Amino acid sequence: MNQMNAFVVESHGEIDDVEVKQWPRPEPAPDEVRLQVKACALNRADLSLLQGLSGPGIREKHLPVIPGVDIAGVIDAAGSEALEAGWRPGQPVVVYPGVFCGKCSYCRAGEETMCDHYQIIGEEVNGGLAEFAVVPARNLKLVPEGFPLVEAAAAPATFTTAWRMLINRGGMQPGDTILIVGVGSGVSTAAAAIGSRFGCRILGTSRDPAKAEKALELGFDAVQVGYERPFDEWVLEVTDGRGVDIVVDSVGAATWRQSIRSLARGGKLVICGATSGDQPDISIREIYQFHRQILGAPCGNLREFHRVMDLVFAGQLKPVVDKVFDLADAREAMRRLKGQDQFGKVVVVP
């Protein structure tokens, strides 16, 4: 059989314009493996791909392409170099979501996401919303026997990004107070898990009372429900006027002003997205006069991926899975993500 079922984006448009269809089953190059996909978690990047999002920092997408950034599966076939590296058919693995050259100065420094030739699986190259996917062998991490592959797929992009934001860029310390803007996304639940593990106080905001309740059950210390009142005022109230050490904000233009005002002196706004737009209205003085910083963190490097996945496999960090869909229902999975109805990760299984 040289065909497989795949959710293929052939042109930019609406969710209803995409369907699961028969597509050529890929063959691995010498340094690649072919996975039988067991689970693929969705990300906002999948919607951006479909919508044809463009602008500063957005790489050109060449269609057709199979979306799906976060992949867990079982090795089905391996190229000669992958076999020499010890990878074998039948092994359960999870995939680091970035493709990199391994040769440029950034890669040699261990900063693969800064690579001159960096590509994201499921955006610039085919991803995991299919029965099979081909990925570089160096992107693999072995999944321990018995660990659920749905949970494994729910972790890579969000936990690696959250780790990068809080630990690497934010310099998080035990006892810090962290504000997570818009609880419910994969990154927000991952950031909460990491912050809680390090003994931090976790605050959040949500327009949805049900999501706020789930966040409190997850371990958030307090959540403001609704945005009728500016959340920076609420933050100053619950922190006795001090503000927070770190704000995690992937919302963008709609919340940046309040996020900056929520920071304590010397606080850091760490960002990984701009779902509400990328041109915020801010005051420069509110940044430098209070020694604040704004730091970007699109994703972590390969080393950080291995670190967070080790913690996930050890049960010290737990991904939140919102809902699991069959590949045949990939449209419904996309709609749930687009409607922001999820709390945690939406996962598709072939």
# chains A, B, ... in the order shown; residues from 1 in each chain; ligands from 1

$ residues_around --residues "Tyr288 (chain A)" --least-positions-apart "2" --cutoff "12 Å" --atoms "only C-alpha atoms" --output "number ranges by chain"
A: 260-261, 263, 265-268, 282-286, 290-294

$ residues_around --residues "Gln91 (chain A)" --least-positions-apart "6" --cutoff "9 Å" --atoms "only C-alpha atoms" --output "list in words"
Gly73, Val74, Ile75, Asp76, Leu142 and Val143 of chain A

$ residues_around --residues "region 121-134 of chain A" --least-positions-apart "5" --cutoff "8 Å" --atoms "only C-alpha atoms" --output "PyMOL selection string"
chain A and resi 4-7+25-28+32-40+45-46+49+60-62+65-71+97-99+327+348+350

$ select_by_dssp --residues "region 146-205 of chain A" --states "strand (DSSP E or B)" --output "PyMOL selection string"
chain A and resi 177-181+201-205

$ write_last_selection --atoms "all heavy atoms" --output "compact mmCIF listing (two decimals), in the first residue's frame"
# COMPACT_ATOMS: atom_id res chain seq x y z
N THR A 177 5.91 35.16 41.55
CA THR A 177 4.49 35.22 41.20
C THR A 177 4.39 35.38 39.69
O THR A 177 5.02 36.26 39.10
CB THR A 177 3.80 36.40 41.89
OG1 THR A 177 3.92 36.24 43.31
CG2 THR A 177 2.32 36.44 41.53
N ILE A 178 3.59 34.50 39.06
CA ILE A 178 3.47 34.46 37.61
C ILE A 178 2.02 34.71 37.21
O ILE A 178 1.11 34.12 37.80
CB ILE A 178 3.94 33.09 37.07
CG1 ILE A 178 5.40 32.86 37.44
CG2 ILE A 178 3.74 33.00 35.55
CD1 ILE A 178 5.85 31.43 37.20
N LEU A 179 1.82 35.57 36.23
CA LEU A 179 0.49 35.80 35.66
C LEU A 179 0.44 35.15 34.29
O LEU A 179 1.28 35.42 33.43
CB LEU A 179 0.20 37.30 35.54
CG LEU A 179 -1.08 37.65 34.76
CD1 LEU A 179 -2.32 37.18 35.52
CD2 LEU A 179 -1.14 39.15 34.47
N ILE A 180 -0.58 34.30 34.07
CA ILE A 180 -0.79 33.66 32.78
C ILE A 180 -2.07 34.25 32.19
O ILE A 180 -3.16 34.07 32.74
CB ILE A 180 -0.90 32.14 32.93
CG1 ILE A 180 0.42 31.59 33.50
CG2 ILE A 180 -1.23 31.48 31.59
CD1 ILE A 180 0.39 30.11 33.84
N VAL A 181 -1.92 34.94 31.06
CA VAL A 181 -3.05 35.63 30.43
C VAL A 181 -3.77 34.65 29.51
O VAL A 181 -3.20 34.11 28.57
CB VAL A 181 -2.57 36.85 29.62
CG1 VAL A 181 -3.75 37.55 28.96
CG2 VAL A 181 -1.80 37.81 30.53
N ARG A 201 3.73 31.13 42.74
CA ARG A 201 2.32 31.49 42.86
C ARG A 201 1.79 31.76 41.45
O ARG A 201 2.37 32.57 40.72
CB ARG A 201 2.16 32.73 43.74
CG ARG A 201 0.71 33.14 43.99
CD ARG A 201 0.66 34.46 44.73
NE ARG A 201 -0.71 34.84 45.07
CZ ARG A 201 -1.10 36.04 45.49
NH1 ARG A 201 -0.17 37.00 45.64
NH2 ARG A 201 -2.34 36.29 45.77
N ILE A 202 0.70 31.12 41.07
CA ILE A 202 0.19 31.20 39.71
C ILE A 202 -1.15 31.94 39.68
O ILE A 202 -2.13 31.50 40.28
CB ILE A 202 0.01 29.80 39.08
CG1 ILE A 202 1.26 28.94 39.28
CG2 ILE A 202 -0.33 29.93 37.60
CD1 ILE A 202 2.50 29.46 38.60
N LEU A 203 -1.17 33.06 38.96
CA LEU A 203 -2.40 33.82 38.73
C LEU A 203 -2.80 33.67 37.27
O LEU A 203 -1.95 33.40 36.41
CB LEU A 203 -2.20 35.31 39.06
CG LEU A 203 -1.59 35.65 40.42
CD1 LEU A 203 -1.44 37.17 40.56
CD2 LEU A 203 -2.46 35.10 41.56
N GLY A 204 -4.08 33.86 36.98
CA GLY A 204 -4.53 33.73 35.60
C GLY A 204 -5.72 34.62 35.30
O GLY A 204 -6.35 35.17 36.21
N THR A 205 -6.01 34.76 34.01
CA THR A 205 -7.20 35.48 33.57
C THR A 205 -7.96 34.62 32.59
O THR A 205 -7.37 33.82 31.85
CB THR A 205 -6.84 36.81 32.88
OG1 THR A 205 -6.22 36.54 31.61
CG2 THR A 205 -5.89 37.64 33.72

$ atom_distance --atom1 "CA of Asp232 (chain A)" --atom2 "CA of Arg44 (chain A)"
25.7 Å

$ closest_residue --among "A:Ile167, A:Cys101, A:Ala78, A:Ala192" --to "Val135 (chain A)" --atoms "only C-alpha atoms"
A:Ala78

$ select_by_dssp --residues "region 159-299 of chain A" --states "helix (DSSP H, G or I)" --output "number ranges by chain"
A: 159-169, 186-197, 209-218, 231-238, 256-261, 285-288

$ write_last_selection --atoms "N, CA and C atoms" --output "compact mmCIF listing (two decimals), in the first residue's frame"
# COMPACT_ATOMS: atom_id res chain seq x y z
N PHE A 159 5.12 22.45 26.16
CA PHE A 159 6.00 22.39 27.33
C PHE A 159 7.39 22.92 27.01
N THR A 160 7.89 22.66 25.80
CA THR A 160 9.20 23.19 25.43
C THR A 160 9.15 24.70 25.34
N THR A 161 8.05 25.24 24.80
CA THR A 161 7.89 26.70 24.72
C THR A 161 7.74 27.30 26.11
N ALA A 162 6.90 26.71 26.95
CA ALA A 162 6.69 27.25 28.30
C ALA A 162 7.98 27.20 29.12
N TRP A 163 8.75 26.13 28.97
CA TRP A 163 10.03 26.01 29.68
C TRP A 163 10.97 27.13 29.23
N ARG A 164 11.02 27.35 27.91
CA ARG A 164 11.87 28.40 27.37
C ARG A 164 11.45 29.76 27.92
N MET A 165 10.15 30.00 27.96
CA MET A 165 9.65 31.29 28.44
C MET A 165 9.98 31.53 29.91
N LEU A 166 9.70 30.55 30.73
CA LEU A 166 9.83 30.74 32.17
C LEU A 166 11.26 30.58 32.69
N ILE A 167 11.92 29.52 32.26
CA ILE A 167 13.24 29.19 32.80
C ILE A 167 14.35 29.95 32.08
N ASN A 168 14.39 29.76 30.75
CA ASN A 168 15.48 30.33 29.98
C ASN A 168 15.37 31.84 29.85
N ARG A 169 14.21 32.35 29.45
CA ARG A 169 14.04 33.78 29.21
C ARG A 169 13.57 34.51 30.46
N GLY A 186 -2.75 25.34 25.48
CA GLY A 186 -1.72 24.36 25.82
C GLY A 186 -0.54 25.00 26.51
N VAL A 187 -0.09 26.16 26.02
CA VAL A 187 1.04 26.83 26.64
C VAL A 187 0.69 27.29 28.05
N SER A 188 -0.52 27.79 28.26
CA SER A 188 -0.88 28.29 29.59
C SER A 188 -0.94 27.16 30.62
N THR A 189 -1.49 26.01 30.23
CA THR A 189 -1.54 24.89 31.18
C THR A 189 -0.14 24.33 31.44
N ALA A 190 0.72 24.34 30.40
CA ALA A 190 2.09 23.89 30.58
C ALA A 190 2.86 24.84 31.48
N ALA A 191 2.69 26.14 31.27
CA ALA A 191 3.38 27.13 32.10
C ALA A 191 2.93 27.02 33.56
N ALA A 192 1.65 26.77 33.77
CA ALA A 192 1.14 26.60 35.14
C ALA A 192 1.77 25.38 35.81
N ALA A 193 1.89 24.29 35.05
CA ALA A 193 2.48 23.07 35.60
C ALA A 193 3.94 23.29 35.97
N ILE A 194 4.69 23.97 35.10
CA ILE A 194 6.11 24.23 35.37
C ILE A 194 6.26 25.19 36.55
N GLY A 195 5.48 26.26 36.55
CA GLY A 195 5.56 27.20 37.66
C GLY A 195 5.21 26.58 38.99
N SER A 196 4.18 25.76 39.02
CA SER A 196 3.77 25.10 40.26
C SER A 196 4.85 24.15 40.76
N ARG A 197 5.48 23.44 39.83
CA ARG A 197 6.54 22.51 40.22
C ARG A 197 7.69 23.22 40.92
N PRO A 209 -16.00 31.42 32.80
CA PRO A 209 -16.03 30.94 34.19
C PRO A 209 -15.70 29.46 34.31
N ALA A 210 -16.11 28.64 33.33
CA ALA A 210 -15.82 27.20 33.39
C ALA A 210 -14.32 26.95 33.30
N LYS A 211 -13.64 27.69 32.41
CA LYS A 211 -12.18 27.54 32.30
C LYS A 211 -11.49 28.02 33.57
N ALA A 212 -12.00 29.09 34.15
CA ALA A 212 -11.42 29.60 35.39
C ALA A 212 -11.52 28.55 36.50
N GLU A 213 -12.66 27.86 36.56
CA GLU A 213 -12.85 26.82 37.56
C GLU A 213 -11.88 25.67 37.33
N LYS A 214 -11.71 25.28 36.07
CA LYS A 214 -10.75 24.20 35.77
C LYS A 214 -9.33 24.62 36.12
N ALA A 215 -9.01 25.89 35.89
CA ALA A 215 -7.67 26.38 36.21
C ALA A 215 -7.41 26.30 37.71
N LEU A 216 -8.40 26.64 38.51
CA LEU A 216 -8.24 26.54 39.96
C LEU A 216 -8.06 25.09 40.38
N GLU A 217 -8.78 24.18 39.73
CA GLU A 217 -8.61 22.76 40.02
C GLU A 217 -7.23 22.27 39.61
N LEU A 218 -6.68 22.89 38.56
CA LEU A 218 -5.36 22.50 38.07
C LEU A 218 -4.24 22.97 38.99
N PHE A 231 -7.38 43.74 34.00
CA PHE A 231 -6.80 42.73 34.89
C PHE A 231 -5.56 43.22 35.61
N ASP A 232 -4.91 44.30 35.10
CA ASP A 232 -3.76 44.82 35.83
C ASP A 232 -4.19 45.40 37.17
N GLU A 233 -5.39 45.97 37.24
CA GLU A 233 -5.91 46.46 38.52
C GLU A 233 -6.12 45.31 39.48
N TRP A 234 -6.67 44.21 38.97
CA TRP A 234 -6.89 43.02 39.81
C TRP A 234 -5.56 42.45 40.30
N VAL A 235 -4.57 42.40 39.41
CA VAL A 235 -3.25 41.87 39.78
C VAL A 235 -2.64 42.69 40.91
N LEU A 236 -2.69 44.01 40.79
CA LEU A 236 -2.12 44.85 41.85
C LEU A 236 -2.87 44.66 43.17
N GLU A 237 -4.15 44.40 43.06
CA GLU A 237 -4.95 44.17 44.28
C GLU A 237 -4.53 42.89 44.98
N VAL A 238 -4.40 41.78 44.22
CA VAL A 238 -4.10 40.49 44.84
C VAL A 238 -2.63 40.34 45.20
N TRP A 256 -1.43 43.39 25.86
CA TRP A 256 -0.07 43.81 26.21
C TRP A 256 -0.03 44.98 27.19
N ARG A 257 -0.85 45.97 27.00
CA ARG A 257 -0.81 47.15 27.88
C ARG A 257 -1.06 46.74 29.32
N GLN A 258 -2.08 45.91 29.53
CA GLN A 258 -2.39 45.46 30.88
C GLN A 258 -1.32 44.50 31.41
N SER A 259 -0.78 43.68 30.52
CA SER A 259 0.28 42.75 30.95
C SER A 259 1.50 43.51 31.45
N ILE A 260 1.89 44.55 30.73
CA ILE A 260 3.04 45.36 31.16
C ILE A 260 2.76 46.03 32.49
N ARG A 261 1.56 46.57 32.65
CA ARG A 261 1.21 47.26 33.90
C ARG A 261 1.06 46.29 35.07
N ARG A 285 7.61 54.29 28.22
CA ARG A 285 8.03 54.70 29.56
C ARG A 285 7.61 53.70 30.63
N GLU A 286 6.47 53.05 30.41
CA GLU A 286 6.03 52.05 31.39
C GLU A 286 6.95 50.84 31.41
N ILE A 287 7.81 50.72 30.42
CA ILE A 287 8.77 49.62 30.39
C ILE A 287 10.07 50.05 31.07
N TYR A 288 10.74 51.07 30.50
CA TYR A 288 12.08 51.38 31.02
C TYR A 288 12.07 52.07 32.37

$ atom_distance --atom1 "CA of Ala253 (chain A)" --atom2 "CA of Gly277 (chain A)"
5.1 Å

$ atom_distance --atom1 "CA of His117 (chain A)" --atom2 "CA of Pro156 (chain A)"
20.4 Å

$ residues_around --residues "Ala274 (chain A)" --least-positions-apart "5" --cutoff "9 Å" --atoms "only C-alpha atoms" --output "PDB file with all heavy atoms, in the first residue's frame"
ATOM      1  N   ASP A 249       2.198  35.792  28.110  1.00  0.00           N
ATOM      2  CA  ASP A 249       1.140  36.361  27.264  1.00  0.00           C
ATOM      3  C   ASP A 249       1.322  35.892  25.828  1.00  0.00           C
ATOM      4  O   ASP A 249       2.306  36.240  25.169  1.00  0.00           O
ATOM      5  CB  ASP A 249       1.192  37.888  27.329  1.00  0.00           C
ATOM      6  CG  ASP A 249       0.003  38.559  26.646  1.00  0.00           C
ATOM      7  OD1 ASP A 249      -0.583  37.945  25.741  1.00  0.00           O
ATOM      8  OD2 ASP A 249      -0.320  39.700  27.021  1.00  0.00           O
ATOM      9  N   SER A 250       0.387  35.108  25.336  1.00  0.00           N
ATOM     10  CA  SER A 250       0.383  34.707  23.928  1.00  0.00           C
ATOM     11  C   SER A 250      -0.799  35.329  23.188  1.00  0.00           C
ATOM     12  O   SER A 250      -1.027  35.024  22.021  1.00  0.00           O
ATOM     13  CB  SER A 250       0.308  33.177  23.810  1.00  0.00           C
ATOM     14  OG  SER A 250      -0.896  32.681  24.375  1.00  0.00           O
ATOM     15  N   VAL A 251      -1.535  36.220  23.877  1.00  0.00           N
ATOM     16  CA  VAL A 251      -2.715  36.846  23.284  1.00  0.00           C
ATOM     17  C   VAL A 251      -2.322  37.973  22.344  1.00  0.00           C
ATOM     18  O   VAL A 251      -2.861  38.122  21.249  1.00  0.00           O
ATOM     19  CB  VAL A 251      -3.666  37.353  24.384  1.00  0.00           C
ATOM     20  CG1 VAL A 251      -4.865  38.076  23.765  1.00  0.00           C
ATOM     21  CG2 VAL A 251      -4.134  36.183  25.243  1.00  0.00           C
ATOM     22  N   GLY A 252      -1.376  38.820  22.773  1.00  0.00           N
ATOM     23  CA  GLY A 252      -0.881  39.851  21.885  1.00  0.00           C
ATOM     24  C   GLY A 252      -1.463  41.223  22.114  1.00  0.00           C
ATOM     25  O   GLY A 252      -1.614  41.686  23.254  1.00  0.00           O
ATOM     26  N   ALA A 253      -1.810  41.901  21.024  1.00  0.00           N
ATOM     27  CA  ALA A 253      -2.155  43.321  21.055  1.00  0.00           C
ATOM     28  C   ALA A 253      -3.237  43.670  22.073  1.00  0.00           C
ATOM     29  O   ALA A 253      -3.169  44.711  22.736  1.00  0.00           O
ATOM     30  CB  ALA A 253      -2.585  43.770  19.657  1.00  0.00           C
ATOM     31  N   ALA A 254      -4.229  42.808  22.213  1.00  0.00           N
ATOM     32  CA  ALA A 254      -5.370  43.132  23.079  1.00  0.00           C
ATOM     33  C   ALA A 254      -5.003  43.199  24.551  1.00  0.00           C
ATOM     34  O   ALA A 254      -5.698  43.848  25.338  1.00  0.00           O
ATOM     35  CB  ALA A 254      -6.480  42.102  22.864  1.00  0.00           C
ATOM     36  N   GLN A 279       0.377  44.313  16.795  1.00  0.00           N
ATOM     37  CA  GLN A 279       0.742  45.722  16.881  1.00  0.00           C
ATOM     38  C   GLN A 279       0.057  46.358  18.092  1.00  0.00           C
ATOM     39  O   GLN A 279      -0.929  47.084  17.976  1.00  0.00           O
ATOM     40  CB  GLN A 279       0.351  46.445  15.592  1.00  0.00           C
ATOM     41  CG  GLN A 279       1.068  45.891  14.371  1.00  0.00           C
ATOM     42  CD  GLN A 279       0.730  46.645  13.099  1.00  0.00           C
ATOM     43  OE1 GLN A 279       0.581  47.873  13.107  1.00  0.00           O
ATOM     44  NE2 GLN A 279       0.614  45.931  12.000  1.00  0.00           N
TER      45      GLN A 279
END

$ closest_residue --among "A:Ile15, A:Cys272, A:Val8, A:Ala137" --to "Pro30 (chain A)" --atoms "only C-alpha atoms"
A:Ala137

$ closest_atom_pairs --of "region 130-149 of chain A" --to "region 298-312 of chain A" --cutoff "12 Å" --atoms "only C-alpha atoms" --output "Markdown table"
| residue | atom | partner | partner_atom | distance |
| --- | --- | --- | --- | --- |
| A:Arg138 | CA | A:Leu302 | CA | 9.4 |
| A:Asn139 | CA | A:Leu302 | CA | 7.8 |
| A:Leu140 | CA | A:His306 | CA | 9.5 |
| A:Lys141 | CA | A:His306 | CA | 7.3 |
| A:Leu142 | CA | A:Met309 | CA | 9.8 |
| A:Val143 | CA | A:Met309 | CA | 9.0 |
| A:Pro144 | CA | A:Asp310 | CA | 9.8 |
| A:Phe147 | CA | A:Val312 | CA | 9.8 |
| A:Pro148 | CA | A:Val312 | CA | 11.1 |
| A:Leu149 | CA | A:Val312 | CA | 11.8 |

$ closest_residue --among "A:Tyr118, A:Trp87, A:Tyr227, A:Trp23" --to "Gly182 (chain A)" --atoms "only C-alpha atoms"
A:Tyr227

$ residues_around --residues "Tyr106 (chain A)" --least-positions-apart "3" --cutoff "12 Å" --atoms "only C-alpha atoms" --output "JSON, numbers by chain"
{"A": [100, 101, 102, 103, 109, 110, 111, 112, 113, 114, 115, 116, 117, 118, 301]}
